[in-house]
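Below is one structure, written out as structure tokens, with a few remarks after it.
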Amino acid sequence: MSETELVLFLEASVRLGVPLALAAMGETITERSGVINIGLEGSIISGALGGALGALAFGSAGFGVLAGAVAGFVVAAVFAGFCVGLRTDQIITGTAITLGGLGLTGAVYQARFGATGTALSLPTLAPVPIPGLGDIPWIGSALFGQAPTAYFAYALAPVLWYFLFRTAWGLELRAVGEEPHAAQAAGVRVRWVRFWATVFGGALAGVAGAHLALAHAGTFAENMSAGRGFIAIAVVVLGRWNPLFVLLAALLFGAASAFQFLLQALGLDLPYQLFLAFPYLLTLAALAGWVGRSRAPAALALPWPKDR
């Protein structure tokens, strides 16, 4: 591999890893509260469409990112309303939210741009190189020549780590995900904490979707989330529910995705389906090696209160 190919590989790794990192860090907060949002895919695709429509309406990619966050927030609020408020099954409800999000965004897209759709030309989030850091050999352009949403992900990881493990609010959140009855006895409003943790995760998934549309693809296409919501949930497990590790795990999966493109470009005489499967095989291998060393929140996916 030449130096140019290495730099391009690293740039692609970060570019592909950032949306996973944003969605997975939000899902980390959600799962720490005891809720697993299988509907994360719905928030991502809604954020992508919301980001595209917002950027078109206001002529600004920045407003598009805000619109994407709002769209992801709304979808997650619907999910939380059912799971936290009505105590429905989180897996079934999340699946319904995902299918509904994919279908609704496709319907809105076709209603706005015609039955066959159209190639959108959107205001995009251009890369913003950081002076000095962007000139570091090999990794400079990869880490510090990205869109603003990438820098947001870098900064968010330590902020969320500090929130979870060094603040009273973070302690309450983790208590709700581990022992909700004990948390309630200590005066914590369990449902309130779970609701806001869920919609926070949805808002970050919406930002991830907006990043896909405005920084990665420069357009919107139906089903462009391509399963990233489910991958982000796996990344949370790989990262052991720790925002710093989750960021690294997301970049690892981004590298795996970029590596499959590199393998295809090398022209190896192998079925291309093997290259497409590589990131997922790597994820399964990592899960097999790491899951035994980590433990999910004890109350994850369990309704609360259990009997009423």
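Within each chain, counting starts at residue 1; across the structure tokens, chains are named A, B, ... in the order shown, with ligands numbered 1 upward in that order.
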**Study point:** Who sits within 8 Å of A:Ala77, only C-alpha atoms, same chain under 5 positions skipped, as a count of residues only
**Key:** 4
Point to revise | Residue list (helix (DSSP H, G or I), DSSP) for stretch 192-245 of chain A, as JSON, numbers by chain | key: {"A": [192, 193, 194, 195, 196, 197, 198, 199, 200, 201, 202, 203, 204, 205, 206, 207, 208, 209, 210, 211, 212, 213, 214, 215, 216, 217, 228, 229, 230, 231, 232, 233, 234, 235, 236, 237, 238, 243, 244, 245]}
For the residues in the current selection, export N, CA and C atoms as a short mmCIF file (atom, residue, chain, number, x, y, z; two decimals), in the first residue's frame.
data_model
loop_
_atom_site.label_atom_id
_atom_site.label_comp_id
_atom_site.auth_asym_id
_atom_site.auth_seq_id
_atom_site.Cartn_x
_atom_site.Cartn_y
_atom_site.Cartn_z
N TRP A 192 -38.92 9.61 33.74
CA TRP A 192 -38.45 10.89 33.20
C TRP A 192 -37.01 10.74 32.69
N VAL A 193 -36.18 10.08 33.48
CA VAL A 193 -34.78 9.89 33.06
C VAL A 193 -34.72 9.04 31.81
N ARG A 194 -35.49 7.97 31.75
CA ARG A 194 -35.47 7.10 30.58
C ARG A 194 -35.99 7.82 29.33
N PHE A 195 -37.01 8.63 29.50
CA PHE A 195 -37.55 9.34 28.34
C PHE A 195 -36.50 10.28 27.75
N TRP A 196 -35.89 11.10 28.60
CA TRP A 196 -34.94 12.08 28.09
C TRP A 196 -33.66 11.42 27.59
N ALA A 197 -33.26 10.31 28.17
CA ALA A 197 -32.10 9.59 27.65
C ALA A 197 -32.39 9.05 26.26
N THR A 198 -33.62 8.58 26.06
CA THR A 198 -34.00 8.02 24.76
C THR A 198 -34.07 9.09 23.69
N VAL A 199 -34.68 10.23 23.98
CA VAL A 199 -34.80 11.26 22.95
C VAL A 199 -33.45 11.93 22.68
N PHE A 200 -32.57 11.96 23.68
CA PHE A 200 -31.22 12.46 23.44
C PHE A 200 -30.49 11.57 22.44
N GLY A 201 -30.61 10.26 22.66
CA GLY A 201 -30.00 9.32 21.72
C GLY A 201 -30.59 9.46 20.33
N GLY A 202 -31.90 9.69 20.25
CA GLY A 202 -32.54 9.88 18.95
C GLY A 202 -32.06 11.14 18.25
N ALA A 203 -31.86 12.22 19.02
CA ALA A 203 -31.38 13.47 18.43
C ALA A 203 -29.98 13.28 17.85
N LEU A 204 -29.11 12.57 18.55
CA LEU A 204 -27.77 12.32 18.02
C LEU A 204 -27.83 11.42 16.79
N ALA A 205 -28.75 10.46 16.78
CA ALA A 205 -28.93 9.64 15.58
C ALA A 205 -29.40 10.50 14.42
N GLY A 206 -30.24 11.50 14.70
CA GLY A 206 -30.66 12.43 13.66
C GLY A 206 -29.50 13.23 13.11
N VAL A 207 -28.58 13.64 13.99
CA VAL A 207 -27.37 14.34 13.53
C VAL A 207 -26.53 13.41 12.67
N ALA A 208 -26.46 12.14 13.05
CA ALA A 208 -25.73 11.15 12.25
C ALA A 208 -26.34 11.04 10.85
N GLY A 209 -27.67 11.02 10.79
CA GLY A 209 -28.34 10.96 9.50
C GLY A 209 -28.08 12.20 8.67
N ALA A 210 -28.12 13.37 9.32
CA ALA A 210 -27.83 14.61 8.61
C ALA A 210 -26.40 14.62 8.09
N HIS A 211 -25.47 14.06 8.87
CA HIS A 211 -24.08 13.94 8.41
C HIS A 211 -24.01 13.08 7.15
N LEU A 212 -24.77 11.99 7.12
CA LEU A 212 -24.77 11.13 5.94
C LEU A 212 -25.21 11.91 4.71
N ALA A 213 -26.28 12.70 4.85
CA ALA A 213 -26.83 13.42 3.71
C ALA A 213 -25.99 14.62 3.31
N LEU A 214 -25.46 15.35 4.29
CA LEU A 214 -24.84 16.65 4.01
C LEU A 214 -23.32 16.62 3.96
N ALA A 215 -22.70 15.65 4.61
CA ALA A 215 -21.24 15.60 4.63
C ALA A 215 -20.69 14.39 3.89
N HIS A 216 -21.43 13.29 3.89
CA HIS A 216 -20.93 12.06 3.28
C HIS A 216 -21.39 11.90 1.84
N ALA A 217 -22.72 11.94 1.61
CA ALA A 217 -23.25 11.68 0.27
C ALA A 217 -23.52 12.95 -0.52
N ARG A 228 -27.32 1.22 9.41
CA ARG A 228 -26.36 1.80 10.35
C ARG A 228 -26.91 1.87 11.77
N GLY A 229 -28.23 1.93 11.92
CA GLY A 229 -28.80 1.95 13.26
C GLY A 229 -28.51 0.66 14.01
N PHE A 230 -28.63 -0.46 13.33
CA PHE A 230 -28.35 -1.75 13.96
C PHE A 230 -26.85 -1.91 14.20
N ILE A 231 -26.04 -1.42 13.26
CA ILE A 231 -24.59 -1.49 13.46
C ILE A 231 -24.19 -0.65 14.67
N ALA A 232 -24.82 0.53 14.83
CA ALA A 232 -24.49 1.39 15.96
C ALA A 232 -24.79 0.71 17.29
N ILE A 233 -25.85 -0.09 17.33
CA ILE A 233 -26.17 -0.82 18.56
C ILE A 233 -25.07 -1.84 18.86
N ALA A 234 -24.55 -2.50 17.80
CA ALA A 234 -23.43 -3.41 18.00
C ALA A 234 -22.18 -2.67 18.45
N VAL A 235 -21.98 -1.45 17.93
CA VAL A 235 -20.82 -0.65 18.32
C VAL A 235 -20.88 -0.31 19.81
N VAL A 236 -22.08 -0.07 20.33
CA VAL A 236 -22.23 0.21 21.76
C VAL A 236 -21.71 -0.97 22.58
N VAL A 237 -22.03 -2.18 22.14
CA VAL A 237 -21.56 -3.37 22.85
C VAL A 237 -20.04 -3.48 22.74
N LEU A 238 -19.53 -3.24 21.52
CA LEU A 238 -18.08 -3.29 21.33
C LEU A 238 -17.38 -2.29 22.23
N PRO A 243 -18.51 5.86 26.43
CA PRO A 243 -18.45 6.74 25.25
C PRO A 243 -17.08 6.82 24.59
N LEU A 244 -16.00 6.80 25.37
CA LEU A 244 -14.65 6.87 24.78
C LEU A 244 -14.36 5.61 23.96
N PHE A 245 -14.69 4.45 24.52
CA PHE A 245 -14.47 3.20 23.79
C PHE A 245 -15.41 3.08 22.60
#
List as a Markdown table every residue of stretch 98-118 of chain A that is in contact with stretch 49-64 of chain A, defined as an atom at most 10 Å from one of its atoms (using only C-alpha atoms), together with the nearest atom pair and the distance in Å rounded to one decimal, sorted by chain and then rising number.
| residue | atom | partner | partner_atom | distance |
| --- | --- | --- | --- | --- |
| A:Thr105 | CA | A:Leu49 | CA | 6.7 |
| A:Gly106 | CA | A:Leu49 | CA | 9.0 |
| A:Val108 | CA | A:Leu49 | CA | 8.7 |
| A:Tyr109 | CA | A:Leu49 | CA | 7.7 |
| A:Arg112 | CA | A:Leu53 | CA | 9.6 |
**Study point:** Nearest to A:Pro19 by atom-to-atom distance, counting only C-alpha atoms, from A:Asn242, A:Thr4, A:Thr219, A:Thr149
**Key:** A:Thr149
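Minimum atom-to-atom distances from A:Thr30, A:Thr124, A:Ser13, A:Thr93 to A:Gly177 were compared using only C-alpha atoms, and the lowest value belongs to A:Thr30.
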**Study point:** Contact residues around A:Val70 with only C-alpha atoms at 8 Å, ignoring same-chain residues under 2 positions, as a PyMOL selection string
**Key:** chain A and resi 47+50+66-68+72-74+203+206
Grab the residues selected above and save them as a PDB file, in the first residue's frame with C-alpha atoms.
ATOM      1  CA  GLY A  47     -32.418  12.752  10.326  1.00  0.00           C
ATOM      2  CA  GLY A  50     -34.779  16.186   7.779  1.00  0.00           C
ATOM      3  CA  LEU A  66     -30.386  21.107  13.325  1.00  0.00           C
ATOM      4  CA  ALA A  67     -33.386  19.914  11.319  1.00  0.00           C
ATOM      5  CA  GLY A  68     -31.924  16.410  11.275  1.00  0.00           C
ATOM      6  CA  GLY A  72     -34.367  12.162  15.082  1.00  0.00           C
ATOM      7  CA  PHE A  73     -35.655  13.607  18.365  1.00  0.00           C
ATOM      8  CA  VAL A  74     -39.285  13.343  17.233  1.00  0.00           C
ATOM      9  CA  ALA A 203     -31.378  13.468  18.431  1.00  0.00           C
ATOM     10  CA  GLY A 206     -30.658  12.428  13.659  1.00  0.00           C
TER      11      GLY A 206
END
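Here the question is which of A:Glu5, A:Met25, A:Leu102, A:Gly17 gets nearest to A:Ala155 using only C-alpha atoms, and that residue is A:Met25.
Distances here use only C-alpha atoms; by that measure, the residue among A:Gly140, A:Pro131, A:Gly254, A:Gly239 closest to A:Arg295 is A:Gly239.
Closest to A:Gly101 among A:Ile45, A:Leu252, A:Leu125, A:Ala69 is A:Ile45, based on only C-alpha atoms.
With distances restricted to only C-alpha atoms, A:Ala150 is the closest residue to A:Arg15 from A:Ala186, A:Ala150, A:Ala157, A:Ala249.
Within 8 Å of A:Glu31, once only C-alpha atoms are used and residues closer than 4 positions along the same chain are dropped, the contacting residues are Glu27, Val35, Ile36, Asn37, Gly177, Trp241, Pro297 and Leu300 of chain A.
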Write to file, as a PDB file, in the first residue's frame, the residues of the selection just made, with N, CA and C atoms.
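Produced file selection_26.pdb, reproduced below:
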ATOM      1  N   GLU A  27     -26.872   6.254  21.622  1.00  0.00           N
ATOM      2  CA  GLU A  27     -27.463   4.999  22.078  1.00  0.00           C
ATOM      3  C   GLU A  27     -26.824   4.527  23.380  1.00  0.00           C
ATOM      4  N   VAL A  35     -32.952   1.363  28.404  1.00  0.00           N
ATOM      5  CA  VAL A  35     -33.774   1.284  27.199  1.00  0.00           C
ATOM      6  C   VAL A  35     -32.868   0.959  26.016  1.00  0.00           C
ATOM      7  N   ILE A  36     -33.249  -0.036  25.229  1.00  0.00           N
ATOM      8  CA  ILE A  36     -32.526  -0.337  23.991  1.00  0.00           C
ATOM      9  C   ILE A  36     -33.400   0.109  22.825  1.00  0.00           C
ATOM     10  N   ASN A  37     -32.920   1.063  22.074  1.00  0.00           N
ATOM     11  CA  ASN A  37     -33.710   1.680  21.006  1.00  0.00           C
ATOM     12  C   ASN A  37     -33.416   0.979  19.684  1.00  0.00           C
ATOM     13  N   GLY A 177     -30.625   2.472  34.967  1.00  0.00           N
ATOM     14  CA  GLY A 177     -30.383   1.342  34.091  1.00  0.00           C
ATOM     15  C   GLY A 177     -29.988   0.068  34.821  1.00  0.00           C
ATOM     16  N   TRP A 241     -20.307   0.160  26.523  1.00  0.00           N
ATOM     17  CA  TRP A 241     -21.158   1.194  27.100  1.00  0.00           C
ATOM     18  C   TRP A 241     -20.343   2.345  27.705  1.00  0.00           C
ATOM     19  N   PRO A 297     -26.179  -3.032  31.098  1.00  0.00           N
ATOM     20  CA  PRO A 297     -26.967  -2.583  32.251  1.00  0.00           C
ATOM     21  C   PRO A 297     -27.994  -3.635  32.633  1.00  0.00           C
ATOM     22  N   LEU A 300     -31.577  -3.443  31.265  1.00  0.00           N
ATOM     23  CA  LEU A 300     -31.707  -3.128  29.848  1.00  0.00           C
ATOM     24  C   LEU A 300     -32.847  -3.925  29.214  1.00  0.00           C
TER      25      LEU A 300
END
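In this structure, atom CA of A:Glu178 sits 28.7 Å away from atom CA of A:Val18.
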